[in-house]
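Participant: A single structure is presented below for examination.
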Amino acid sequence: MAFTFAAFCYMLALLLTAALIFFAIWHIIAFDELKTDYKNPIDQCNTLNPTVERVKKIKRVKIAIKLVLPEYLIHFFFCVMFFCAAEWLTLCLNLPLLAYHVWRYMSRPVMSCPGLYDPTTIMNADILAYCQKEGWCKLAFYLLSFFYYLYG
Amino acid sequence: MWWQPFPNLSQLSAALGGLSGVPELEVETLRPVNLVQERNLLPPGPWSRTFRCTLTSIPQTQALLNKARLPLGLLLHPFRDLQQLPVITSNTIVRCRTCRTYINPFVTFLDQRRWKCNLCYRVNDVPDEFMYNPVTRSYGEPHRRPEVQNSTVEFIASSDYMLRPPQPAVYLFVLDVSHNAVESGYLKYFCDSLLENLDKLPGNGRCRVGFLTFDSTIHFYNLQNGLSQPQMLVVSDIHDVFIPSHDNLMVNLKESKELVKELLAALPSMFAHTRESQSALGPALQAAFKLMTPTGGRVSVFQTQLPTLGAGLLQSREDPNQRSSTKAVQHLGPATDFYKKLALDCSGQQIGVDLFLLSSQYSDLSSLACMSKFSAGSVFYYPSFHHVHNPAQLEKFQRDLERYLTRKIGFEAVMRIRCTKGLSIHTFHGNLFVRSTDMLSLANVNPDSAFAVQMSIEDSLADSSLACFQAALLYTSSKGKRRIRVHTLCLPVVTQLSEVYAGADVQAITCLLANMAIDRSVSSGLPDARDALVNAVVDLVGAYRTSVSNLQQNGLVLPSAMRLFPLYILALLKQKALRTGTSTRLDERVFAMCQFKTEPLPQLMRLMHPDLYRLDTISDQGALHLNDVIVPQPQLLHLSSERLSRDGTFLLDCGSVLFVWVGRACSDVFLRDVLGVHDYASLPPSMNHIPELDTPLSERIRAFLDWLQENRAFSCPLHVIRYFRLPTTHYVIRFLSSPYIKQTNKNIVSFNQSSVVHRL
């Protein structure tokens with residue numbers, strides 16, 4: 001098997017998609033935890049600041065922020081790679097998601113740090129439901145692309 | 001069932017709707033009303049003031065709710081000042097095992113030993129202690145205990161309900177002392193008011209106070225007991241604020257009272273000649289946060305200009321030419337999230353931040369108000385405040401401050417709203433922080449804030465004929481006692497659309513729509529929000545016409561319970577918060593929006609649709625007898641200029657101000673007996689109180705006015721105005737323009753008919 005740049009791209013994409021799937025699952029779990037809000041928050045907080053009155057939700061939202069940018073950057077990196085490898089079909093499949101990411105980032109609430117989720121409005125059931133749906137859709141998309149890269 | 005609250009449904013409906021089983025009245029609420037023909041429309045009432053639902057008959061399914069085109073929500077005022085409050089001091093607080101609902105009057109006792117929860121239908125055991133009734137000293141009748149007889153109770157919470165020992169009352173006052181602040185002159189009046197009310201601050205021997213002043217630097221005051229005079233410590237590094245001394249800045253009020261009084265007496269003169277024009281509000285708030293973190297408490301911030309220095313500095317964003325624009329209003333949202341983040345941090349440390357904005361120019365209230373919105377504080381705004389040039393605002397400031405300093409307060413509070421299985425709450429309105437799907441974190445609770453929630457029906461309510469709601473507020477009182485105040489509301493579930501309409505509460509619906517419109521105007525623009533409000537009326541008329549009304553009548557037909565709905569929505573569209581086309585300053589608009597989100601319902605309704613009474617024909621018929629005083633109850637008049645006549649005197653109650661309008665041909669007897677003047681021409685141009693004369697008419701009128709003032713939290717000024725006399729022009733304009741007093745029914749109907757016809 002000749003080791004072309006395209007094949008190399010696909011293999012790297014495969015590995016990184018695994019990471020993206022992990023992020024998507026983490027995303028879903030984080031929002032599910034927010035929704036159900038476990039009854040003993042003491043077990044939830046194991047790192048900094050064990051004061052029980054600390055708002056757990058803000059911490060989880062910060063985690064979400066840490067998830068969001070790497071995910072977008074990784075996906076952007078994919079698109080650049082496929083562009084360099086001249087794999088147009090794969091690139092076209094990923095472009096809608098890239099456009100969606102850009103739109104989502106542009107229309108985020110006013111914030112000083114890079115991030116998408118505002119702790120004050122996130123408990124609003126409409127927004128929470130939207131974020132959960134987004135998580136599931138992304139998981140499905142990443143799984144499909146994982147298998148596509150595997151067999152492509 | 002051994003014992004049930006309401007054995008049959010009609011009893012429940014009767015008890016709730018005040019219909020008392022009178023058939024004529026029941027028919028009344030179902031009768032459709034044609035607005036073109038009806039000229040005398042009075043608001044319905046009276047309703048509960050603590051807990052109101054927009055639909056007093058809950059539809060069984062979400063589909064039925066959608067067909068009715070009405071929003072479903074609750075408006076609650078949980079910490080309202082109450083005359084009578086049963087306080088339960090038992091060791092065990094009986095709660096359902098699964099859903100943790102407190103026992104309430106609407107549970108069902110299966111037999112003497114078991115009770116069934118009305119929210120999740122689980123059967124629980126009655127603990128032994130509950131079988132004994134301390135009030136009647138009898139055994140074996142758990143359904144006679146006070147928790148089961150009253151829908152609003154207060155429990156004394158045990159240590160299971162405390163995450164930390166109850167905190168003492170801690171108050172910090174953060175004062176702006178820049179040149180602008182000294183010019184406006186508020187400092188002297190604040191210090192006087194606080195000196196007067198120092199003993200009435202809620203708290204016990206553990207109460208603590210502190211003071212912080214700031215301009216371009218931050219000043220702390222060492223008030224340690226034992227010092228000969230207060231010491232000022234200045235921190236000028238505003239980019240890295242630190243607390244100079246740890247124990248002496250927040251001091252015990254009882255021990256250091258003399259020093260506090262000395263400081264308050266000296267403060268106004270200390271900064272009288274300052275030349276500092278910058279204001280470092282952000283760093284001052286960071287310092288306040290650091291000071292209050294160990295305990296939590298209340299921070300009262302007094303600001304007179306835009307913050308220009310340090311973190312959280314703001315730019316002037318308002319464009320004066322856009323004030324009367326009919327297009328979308330810009331800059332209704334915050335410019336920076338510094339204040340929101342600060343409020344969230346404060347909320348986490350149980351610190352509530354209240355803002356008093358006393359500025360004469362644009363101060364970006366939309367960003368500053370965030371500090372109170374999410375830390376459960378209150379916002380007070382005095383536009384164009386000046387101690388000499390604007391005595392009306394000064395008086396308002398003094399009255400508000402007196403109420404603010406002496407009203408009840410609760411610390412480190414959380415509130416949980418539970419509903420029957422099948423209903424769920426999805427949006428919250430008010431100054432609070434939503435910590436989880438049904439738990440609200442309120443750093444401070446005060447008796448003048450109200451909240452609203454929107455609900456949806458997730459599952460069909462087919463297996464129950466009653467829907468119950470419970471709001472439980474867990475707080476620490478100012479004396480350091482942990483209490484739980486529980487309010488329960490029970491409403492019938494109906495399957496017919498006509499019954500849903502018969503039970504609609506038009507005032508609650510209007511206020512909930514106002515909250516929703518304000519959210520919409522911040523997210524998608526003001527014209528959008530206004531259209532949504534008009535659509536609400538149009539949709540209702542359309543839905544009623546197609547579904548219930550069989551008669552092909554021309555005109556605007558509405559269910560009787562909703563007869564005032566178009567008028568209320570029209571009134572809402574003319575409020576400062578939502579109006580376009582009239583010049584409105586951005587800060588005033590934002591403050592009006594904040595008011596709509598936090599004021600209790602009766603106050604909001606008076607603001608939108610004032611009460612009109614006729615005073616010269618006041619009599620003792622139907623008067624109330626309270627504490628040896630006879631309070632006459634004049635009839636409420638339909639709010640229309642048709643009801644005003646030149647030979648009478650009318651009172652307009654606008655919620656925050658009272659107008660007494662004297663007609664030109666008013667009888668001389670009235671003028672002499674009540675107002676103390678010989679004839680109409682000798683009425684002074686600006687008269688602010690009714691003189692105390694010894695005539696029966698004067699006594700009745702003063703008793704009525706005093707009764708109106710007592711029933712509201714913040715006392716309001718009174719203005720006596722005449723018919724078109726020039727010096728009082730601005731009051732006359734307010735009188736004639738504010739309450740749609742010129743609005744006759746025809747105008748409303750034609751407005752709505754045109755929009756209805758256009759859309760149908």
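Chain identifiers are assigned as A, B, and so on, following the order in which chains appear in the structure tokens; residues are numbered from 1 within each chain, and ligands are numbered from 1 in order of appearance.
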Find the spatial neighbours of range 443-446 of chain B, counting only C-alpha atoms, within a cut-off of 7 Å - ignore same-chain residues fewer than 3 positions away - and output them as a ChimeraX atom specification.

Facilitator: /B:79,347,350-352,375-377,408-413,449

Participant: Any chance you could list, as a ChimeraX atom specification, the residues in range 222-419 of chain B that come up alpha helix (DSSP H) when DSSP is run on the backbone?

Facilitator: /B:257-270,281-292,338-348,365-368,370-373,391-406

Participant: Kindly export the residues of the current selection with C-alpha atoms, as a PDB file, in the first residue's frame.

Facilitator:
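Result written to again.pdb:
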ATOM      1  CA  LYS B 257     -22.230  52.441  67.196  1.00  0.00           C
ATOM      2  CA  GLU B 258     -20.695  55.706  68.358  1.00  0.00           C
ATOM      3  CA  LEU B 259     -17.918  55.471  65.785  1.00  0.00           C
ATOM      4  CA  VAL B 260     -20.403  54.689  63.037  1.00  0.00           C
ATOM      5  CA  LYS B 261     -22.492  57.708  63.986  1.00  0.00           C
ATOM      6  CA  GLU B 262     -19.401  59.895  63.996  1.00  0.00           C
ATOM      7  CA  LEU B 263     -18.416  58.672  60.561  1.00  0.00           C
ATOM      8  CA  LEU B 264     -21.874  59.296  59.130  1.00  0.00           C
ATOM      9  CA  ALA B 265     -21.940  62.796  60.548  1.00  0.00           C
ATOM     10  CA  ALA B 266     -18.514  63.595  59.092  1.00  0.00           C
ATOM     11  CA  LEU B 267     -18.797  61.952  55.655  1.00  0.00           C
ATOM     12  CA  PRO B 268     -20.660  64.702  53.747  1.00  0.00           C
ATOM     13  CA  SER B 269     -18.156  67.369  54.762  1.00  0.00           C
ATOM     14  CA  MET B 270     -15.094  65.176  54.213  1.00  0.00           C
ATOM     15  CA  LEU B 281     -16.861  51.411  40.464  1.00  0.00           C
ATOM     16  CA  GLY B 282     -15.530  48.061  39.237  1.00  0.00           C
ATOM     17  CA  PRO B 283     -12.554  47.933  41.623  1.00  0.00           C
ATOM     18  CA  ALA B 284     -14.758  49.160  44.466  1.00  0.00           C
ATOM     19  CA  LEU B 285     -17.137  46.266  43.824  1.00  0.00           C
ATOM     20  CA  GLN B 286     -14.218  43.843  43.756  1.00  0.00           C
ATOM     21  CA  ALA B 287     -13.107  45.205  47.115  1.00  0.00           C
ATOM     22  CA  ALA B 288     -16.660  44.878  48.440  1.00  0.00           C
ATOM     23  CA  PHE B 289     -16.748  41.282  47.262  1.00  0.00           C
ATOM     24  CA  LYS B 290     -13.500  40.498  49.060  1.00  0.00           C
ATOM     25  CA  LEU B 291     -14.756  42.126  52.247  1.00  0.00           C
ATOM     26  CA  MET B 292     -18.043  40.241  52.254  1.00  0.00           C
ATOM     27  CA  PHE B 338     -17.945  42.114  34.152  1.00  0.00           C
ATOM     28  CA  TYR B 339     -20.992  42.966  36.270  1.00  0.00           C
ATOM     29  CA  LYS B 340     -22.734  39.721  35.440  1.00  0.00           C
ATOM     30  CA  LYS B 341     -19.681  37.693  36.435  1.00  0.00           C
ATOM     31  CA  LEU B 342     -19.369  39.710  39.612  1.00  0.00           C
ATOM     32  CA  ALA B 343     -23.024  39.101  40.395  1.00  0.00           C
ATOM     33  CA  LEU B 344     -22.596  35.372  39.879  1.00  0.00           C
ATOM     34  CA  ASP B 345     -19.574  35.319  42.162  1.00  0.00           C
ATOM     35  CA  CYS B 346     -21.520  37.288  44.747  1.00  0.00           C
ATOM     36  CA  SER B 347     -24.479  34.963  44.439  1.00  0.00           C
ATOM     37  CA  GLY B 348     -22.170  32.049  45.148  1.00  0.00           C
ATOM     38  CA  LEU B 365     -27.965  51.032  33.396  1.00  0.00           C
ATOM     39  CA  SER B 366     -28.315  47.991  31.135  1.00  0.00           C
ATOM     40  CA  SER B 367     -24.793  46.912  32.114  1.00  0.00           C
ATOM     41  CA  LEU B 368     -24.893  48.124  35.706  1.00  0.00           C
ATOM     42  CA  CYS B 370     -26.657  43.079  35.885  1.00  0.00           C
ATOM     43  CA  MET B 371     -24.966  43.318  39.262  1.00  0.00           C
ATOM     44  CA  SER B 372     -28.370  43.177  40.937  1.00  0.00           C
ATOM     45  CA  LYS B 373     -30.179  40.962  38.488  1.00  0.00           C
ATOM     46  CA  PRO B 391     -36.972  68.211  45.043  1.00  0.00           C
ATOM     47  CA  ALA B 392     -39.420  65.558  43.799  1.00  0.00           C
ATOM     48  CA  GLN B 393     -36.625  63.065  43.188  1.00  0.00           C
ATOM     49  CA  LEU B 394     -35.020  63.967  46.494  1.00  0.00           C
ATOM     50  CA  GLU B 395     -38.228  63.260  48.357  1.00  0.00           C
ATOM     51  CA  LYS B 396     -38.652  59.983  46.529  1.00  0.00           C
ATOM     52  CA  PHE B 397     -35.072  59.036  47.407  1.00  0.00           C
ATOM     53  CA  GLN B 398     -35.668  59.757  51.070  1.00  0.00           C
ATOM     54  CA  ARG B 399     -38.899  57.776  51.210  1.00  0.00           C
ATOM     55  CA  ASP B 400     -37.414  54.839  49.331  1.00  0.00           C
ATOM     56  CA  LEU B 401     -34.325  54.817  51.525  1.00  0.00           C
ATOM     57  CA  GLU B 402     -36.418  54.712  54.674  1.00  0.00           C
ATOM     58  CA  ARG B 403     -38.331  51.714  53.428  1.00  0.00           C
ATOM     59  CA  TYR B 404     -35.158  50.069  52.110  1.00  0.00           C
ATOM     60  CA  LEU B 405     -33.276  50.334  55.381  1.00  0.00           C
ATOM     61  CA  THR B 406     -36.085  49.140  57.613  1.00  0.00           C
TER      62      THR B 406
END

Participant: Measuring between only C-alpha atoms, which one of B:Ser48, B:Thr336, B:Gln322, B:Ser193 shows the shortest distance to chain A?

Facilitator: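 Between B:Ser48, B:Thr336, B:Gln322, B:Ser193, the residue approaching chain A most closely is B:Thr336.
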
Participant: May I have the residues within 12 Å of Asp32 in chain A as a list in words, using only C-alpha atoms and disregarding those fewer than 6 positions away in the same chain?

Facilitator: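 Residues near the query, excluding close chain neighbours: Ile25, Trp26, Tyr38, Lys57, Arg60, Met123, Leu128, Ala129, Cys131, Gln132, Lys133, Gly135 and Trp136 of chain A; Ser436 and Thr437 of chain B.
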
Participant: Got time to write the residues from that selection, N, CA and C atoms, as an mmCIF file, in the first residue's frame?

Facilitator:
data_model
loop_
_atom_site.group_PDB
_atom_site.id
_atom_site.type_symbol
_atom_site.label_atom_id
_atom_site.label_comp_id
_atom_site.auth_asym_id
_atom_site.auth_seq_id
_atom_site.Cartn_x
_atom_site.Cartn_y
_atom_site.Cartn_z
ATOM 1 N N ILE A 25 -19.383 13.104 23.508
ATOM 2 C CA ILE A 25 -19.994 12.351 24.610
ATOM 3 C C ILE A 25 -19.872 13.137 25.913
ATOM 4 N N TRP A 26 -18.738 13.733 26.138
ATOM 5 C CA TRP A 26 -18.529 14.541 27.344
ATOM 6 C C TRP A 26 -19.542 15.693 27.378
ATOM 7 N N TYR A 38 -27.597 16.249 40.209
ATOM 8 C CA TYR A 38 -27.495 15.221 41.242
ATOM 9 C C TYR A 38 -27.676 15.771 42.640
ATOM 10 N N LYS A 57 -22.634 24.733 38.757
ATOM 11 C CA LYS A 57 -22.993 24.924 37.372
ATOM 12 C C LYS A 57 -21.974 25.763 36.635
ATOM 13 N N ARG A 60 -19.147 23.622 35.644
ATOM 14 C CA ARG A 60 -19.418 22.742 34.516
ATOM 15 C C ARG A 60 -19.460 23.531 33.229
ATOM 16 N N MET A 123 -29.936 27.502 31.994
ATOM 17 C CA MET A 123 -30.955 26.665 32.604
ATOM 18 C C MET A 123 -32.315 26.904 31.979
ATOM 19 N N LEU A 128 -31.393 24.726 26.968
ATOM 20 C CA LEU A 128 -30.851 23.437 27.425
ATOM 21 C C LEU A 128 -31.229 22.341 26.444
ATOM 22 N N ALA A 129 -32.482 22.329 26.001
ATOM 23 C CA ALA A 129 -32.933 21.305 25.061
ATOM 24 C C ALA A 129 -32.171 21.426 23.749
ATOM 25 N N CYS A 131 -29.130 22.618 23.303
ATOM 26 C CA CYS A 131 -27.743 22.160 23.468
ATOM 27 C C CYS A 131 -27.675 20.638 23.503
ATOM 28 N N GLN A 132 -28.661 20.019 24.133
ATOM 29 C CA GLN A 132 -28.648 18.559 24.182
ATOM 30 C C GLN A 132 -28.833 17.972 22.785
ATOM 31 N N LYS A 133 -29.773 18.560 22.046
ATOM 32 C CA LYS A 133 -30.008 18.060 20.682
ATOM 33 C C LYS A 133 -28.749 18.220 19.847
ATOM 34 N N GLY A 135 -25.732 18.206 20.912
ATOM 35 C CA GLY A 135 -24.775 17.180 21.315
ATOM 36 C C GLY A 135 -25.045 15.860 20.620
ATOM 37 N N TRP A 136 -26.304 15.435 20.608
ATOM 38 C CA TRP A 136 -26.626 14.157 19.975
ATOM 39 C C TRP A 136 -26.349 14.189 18.479
ATOM 40 N N SER B 436 -30.634 25.200 39.285
ATOM 41 C CA SER B 436 -30.935 23.923 38.629
ATOM 42 C C SER B 436 -32.354 24.023 38.131
ATOM 43 N N THR B 437 -32.884 22.951 37.583
ATOM 44 C CA THR B 437 -34.145 23.084 36.857
ATOM 45 C C THR B 437 -35.281 23.626 37.704
#

Participant: Residues of range 294-341 of chain B within 10 Å of range 514-524 of chain B: nearest atom pair and distance (Å, one decimal) for each, counting only C-alpha atoms, sorted by chain and number, as CSV?

Facilitator:
residue,atom,partner,partner_atom,distance
B:Ala328,CA,B:Ser521,CA,8.5
B:Val329,CA,B:Ser521,CA,8.6
B:Gln330,CA,B:Val522,CA,9.0
B:His331,CA,B:Val522,CA,8.5
B:Leu332,CA,B:Val522,CA,5.8
B:Gly333,CA,B:Val522,CA,6.1
B:Pro334,CA,B:Val522,CA,9.8

Participant: Starting from chain B, keep only residues with some atom at most 6 Å from an atom of chain A, counting only C-alpha atoms, and report them as a ChimeraX atom specification.

Facilitator: /B:337,348,426-427

Participant: Write the selection just made, keeping C-alpha atoms, as a PDB file, in the first residue's frame?

Facilitator:
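Result saved to selection-v8.pdb:
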ATOM      1  CA  ASP B 337     -20.079  40.793  31.288  1.00  0.00           C
ATOM      2  CA  GLY B 348     -22.170  32.049  45.148  1.00  0.00           C
ATOM      3  CA  HIS B 426     -39.086  26.170  31.841  1.00  0.00           C
ATOM      4  CA  THR B 427     -38.358  29.878  32.224  1.00  0.00           C
TER       5      THR B 427
END

Participant: For Phe77 in chain A, find every residue with an atom within 12 Å (counting only C-alpha atoms), except residues of its own chain fewer than 6 positions away, and show them as JSON, numbers by chain.

Facilitator: {"A": [9, 12, 13, 16, 17, 70, 71, 83, 84, 91, 94, 95, 98]}

Participant: Just want the 10 Å neighbourhood of Tyr680 in chain B, counted on only C-alpha atoms, with same-chain residues fewer than 3 positions away dropped. Output as a PDB file with C-alpha atoms, in the first residue's frame.

Facilitator:
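Saved the output as out-v5.pdb:
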ATOM      1  CA  VAL B 662     -60.298  68.984  41.045  1.00  0.00           C
ATOM      2  CA  GLY B 663     -62.917  69.879  38.452  1.00  0.00           C
ATOM      3  CA  ARG B 664     -63.594  73.501  37.716  1.00  0.00           C
ATOM      4  CA  ALA B 665     -67.199  73.352  38.801  1.00  0.00           C
ATOM      5  CA  CYS B 666     -66.500  71.414  41.948  1.00  0.00           C
ATOM      6  CA  SER B 667     -68.788  72.328  44.817  1.00  0.00           C
ATOM      7  CA  ASP B 668     -67.577  75.007  47.213  1.00  0.00           C
ATOM      8  CA  LEU B 671     -63.310  72.848  48.476  1.00  0.00           C
ATOM      9  CA  ARG B 672     -63.855  74.354  51.891  1.00  0.00           C
ATOM     10  CA  VAL B 677     -59.831  76.997  50.282  1.00  0.00           C
ATOM     11  CA  LEU B 683     -56.271  76.618  45.088  1.00  0.00           C
ATOM     12  CA  PRO B 684     -52.479  76.826  45.314  1.00  0.00           C
ATOM     13  CA  ARG B 722     -56.442  71.745  38.764  1.00  0.00           C
ATOM     14  CA  TYR B 723     -57.911  72.090  35.375  1.00  0.00           C
TER      15      TYR B 723
END

Participant: Find the residues near range 21-23 of chain A: any atom within 10 Å, counting only C-alpha atoms, skip ones fewer than 6 places away on the same chain, and give them as a ChimeraX atom specification.

Facilitator: /A:29,64,67-68,70-71,135,138-143,146

Participant: Restricting it to all heavy atoms, dump the selection as an mmCIF file, in the first residue's frame.

Facilitator:
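Output file result00.cif follows:
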data_model
loop_
_atom_site.group_PDB
_atom_site.id
_atom_site.type_symbol
_atom_site.label_atom_id
_atom_site.label_comp_id
_atom_site.auth_asym_id
_atom_site.auth_seq_id
_atom_site.Cartn_x
_atom_site.Cartn_y
_atom_site.Cartn_z
ATOM 1 N N ILE A 29 -22.937 14.331 28.339
ATOM 2 C CA ILE A 29 -22.995 14.005 29.770
ATOM 3 C C ILE A 29 -23.058 15.280 30.600
ATOM 4 O O ILE A 29 -23.819 15.361 31.573
ATOM 5 C CB ILE A 29 -21.787 13.143 30.172
ATOM 6 C CG1 ILE A 29 -21.912 11.774 29.528
ATOM 7 C CG2 ILE A 29 -21.690 13.003 31.685
ATOM 8 C CD1 ILE A 29 -20.765 10.857 29.835
ATOM 9 N N ALA A 64 -17.284 23.088 29.795
ATOM 10 C CA ALA A 64 -17.843 23.087 28.450
ATOM 11 C C ALA A 64 -17.075 24.046 27.553
ATOM 12 O O ALA A 64 -16.848 23.780 26.395
ATOM 13 C CB ALA A 64 -19.331 23.458 28.499
ATOM 14 N N LEU A 67 -14.087 22.570 26.344
ATOM 15 C CA LEU A 67 -14.324 21.551 25.320
ATOM 16 C C LEU A 67 -14.536 22.161 23.959
ATOM 17 O O LEU A 67 -14.148 21.613 22.948
ATOM 18 C CB LEU A 67 -15.616 20.780 25.625
ATOM 19 C CG LEU A 67 -15.733 19.757 26.709
ATOM 20 C CD1 LEU A 67 -17.107 19.163 26.624
ATOM 21 C CD2 LEU A 67 -14.699 18.701 26.543
ATOM 22 N N VAL A 68 -15.244 23.271 23.992
ATOM 23 C CA VAL A 68 -15.777 23.790 22.736
ATOM 24 C C VAL A 68 -14.682 24.224 21.786
ATOM 25 O O VAL A 68 -14.634 23.799 20.638
ATOM 26 C CB VAL A 68 -16.720 24.960 23.047
ATOM 27 C CG1 VAL A 68 -16.892 25.839 21.850
ATOM 28 C CG2 VAL A 68 -18.053 24.430 23.497
ATOM 29 N N PRO A 70 -11.317 23.547 21.582
ATOM 30 C CA PRO A 70 -10.498 22.491 20.981
ATOM 31 C C PRO A 70 -11.260 21.713 19.910
ATOM 32 O O PRO A 70 -10.708 21.377 18.866
ATOM 33 C CB PRO A 70 -10.143 21.579 22.157
ATOM 34 C CG PRO A 70 -10.243 22.440 23.335
ATOM 35 C CD PRO A 70 -11.293 23.453 23.034
ATOM 36 N N GLU A 71 -12.536 21.455 20.171
ATOM 37 C CA GLU A 71 -13.322 20.722 19.188
ATOM 38 C C GLU A 71 -13.380 21.479 17.867
ATOM 39 O O GLU A 71 -13.153 20.909 16.789
ATOM 40 C CB GLU A 71 -14.733 20.527 19.745
ATOM 41 C CG GLU A 71 -15.638 19.759 18.818
ATOM 42 C CD GLU A 71 -17.081 19.822 19.295
ATOM 43 O OE1 GLU A 71 -17.294 19.972 20.516
ATOM 44 O OE2 GLU A 71 -17.973 19.718 18.452
ATOM 45 N N GLY A 135 -25.732 18.206 20.912
ATOM 46 C CA GLY A 135 -24.775 17.180 21.315
ATOM 47 C C GLY A 135 -25.045 15.860 20.620
ATOM 48 O O GLY A 135 -24.128 15.233 20.077
ATOM 49 N N LYS A 138 -24.238 15.996 16.845
ATOM 50 C CA LYS A 138 -22.806 15.998 16.571
ATOM 51 C C LYS A 138 -22.218 14.616 16.775
ATOM 52 O O LYS A 138 -21.373 14.162 16.000
ATOM 53 C CB LYS A 138 -22.112 16.982 17.510
ATOM 54 C CG LYS A 138 -22.232 18.373 17.077
ATOM 55 C CD LYS A 138 -21.036 19.152 17.551
ATOM 56 C CE LYS A 138 -21.187 20.581 17.155
ATOM 57 N NZ LYS A 138 -20.390 21.422 18.031
ATOM 58 N N LEU A 139 -22.691 13.937 17.826
ATOM 59 C CA LEU A 139 -22.188 12.583 18.086
ATOM 60 C C LEU A 139 -22.480 11.701 16.883
ATOM 61 O O LEU A 139 -21.617 10.956 16.404
ATOM 62 C CB LEU A 139 -22.842 12.032 19.355
ATOM 63 C CG LEU A 139 -22.384 10.630 19.744
ATOM 64 C CD1 LEU A 139 -20.916 10.656 20.109
ATOM 65 C CD2 LEU A 139 -23.199 10.111 20.910
ATOM 66 N N ALA A 140 -23.693 11.788 16.374
ATOM 67 C CA ALA A 140 -24.071 10.978 15.215
ATOM 68 C C ALA A 140 -23.175 11.309 14.030
ATOM 69 O O ALA A 140 -22.661 10.417 13.348
ATOM 70 C CB ALA A 140 -25.536 11.234 14.868
ATOM 71 N N PHE A 141 -22.961 12.606 13.805
ATOM 72 C CA PHE A 141 -22.125 13.026 12.670
ATOM 73 C C PHE A 141 -20.700 12.518 12.793
ATOM 74 O O PHE A 141 -20.110 12.004 11.841
ATOM 75 C CB PHE A 141 -22.145 14.553 12.564
ATOM 76 C CG PHE A 141 -21.350 15.084 11.418
ATOM 77 C CD1 PHE A 141 -21.885 15.112 10.150
ATOM 78 C CD2 PHE A 141 -20.056 15.519 11.612
ATOM 79 C CE1 PHE A 141 -21.149 15.585 9.085
ATOM 80 C CE2 PHE A 141 -19.305 16.006 10.554
ATOM 81 C CZ PHE A 141 -19.854 16.032 9.291
ATOM 82 N N TYR A 142 -20.143 12.636 14.010
ATOM 83 C CA TYR A 142 -18.759 12.203 14.178
ATOM 84 C C TYR A 142 -18.634 10.697 14.037
ATOM 85 O O TYR A 142 -17.657 10.191 13.498
ATOM 86 C CB TYR A 142 -18.202 12.655 15.527
ATOM 87 C CG TYR A 142 -17.975 14.147 15.617
ATOM 88 C CD1 TYR A 142 -18.259 14.823 16.793
ATOM 89 C CD2 TYR A 142 -17.502 14.879 14.551
ATOM 90 C CE1 TYR A 142 -18.063 16.182 16.895
ATOM 91 C CE2 TYR A 142 -17.309 16.242 14.631
ATOM 92 C CZ TYR A 142 -17.593 16.886 15.802
ATOM 93 O OH TYR A 142 -17.409 18.236 15.896
ATOM 94 N N LEU A 143 -19.634 9.946 14.511
ATOM 95 C CA LEU A 143 -19.587 8.492 14.374
ATOM 96 C C LEU A 143 -19.613 8.104 12.897
ATOM 97 O O LEU A 143 -18.832 7.255 12.461
ATOM 98 C CB LEU A 143 -20.791 7.856 15.080
ATOM 99 C CG LEU A 143 -20.579 7.494 16.544
ATOM 100 C CD1 LEU A 143 -21.868 7.022 17.163
ATOM 101 C CD2 LEU A 143 -19.507 6.423 16.670
ATOM 102 N N PHE A 146 -16.390 8.868 11.338
ATOM 103 C CA PHE A 146 -15.373 7.903 11.785
ATOM 104 C C PHE A 146 -15.392 6.680 10.890
ATOM 105 O O PHE A 146 -14.357 6.231 10.387
ATOM 106 C CB PHE A 146 -15.655 7.547 13.248
ATOM 107 C CG PHE A 146 -14.685 6.573 13.837
ATOM 108 C CD1 PHE A 146 -13.453 7.007 14.301
ATOM 109 C CD2 PHE A 146 -15.003 5.238 13.944
ATOM 110 C CE1 PHE A 146 -12.566 6.110 14.867
ATOM 111 C CE2 PHE A 146 -14.115 4.333 14.502
ATOM 112 C CZ PHE A 146 -12.898 4.767 14.960
#

Participant: If I take CA of Pro166 in chain B and CA of Val299 in chain B, how far is one from the other in Å, to one decimal?

Facilitator: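 A separation of 18.1 Å between them.
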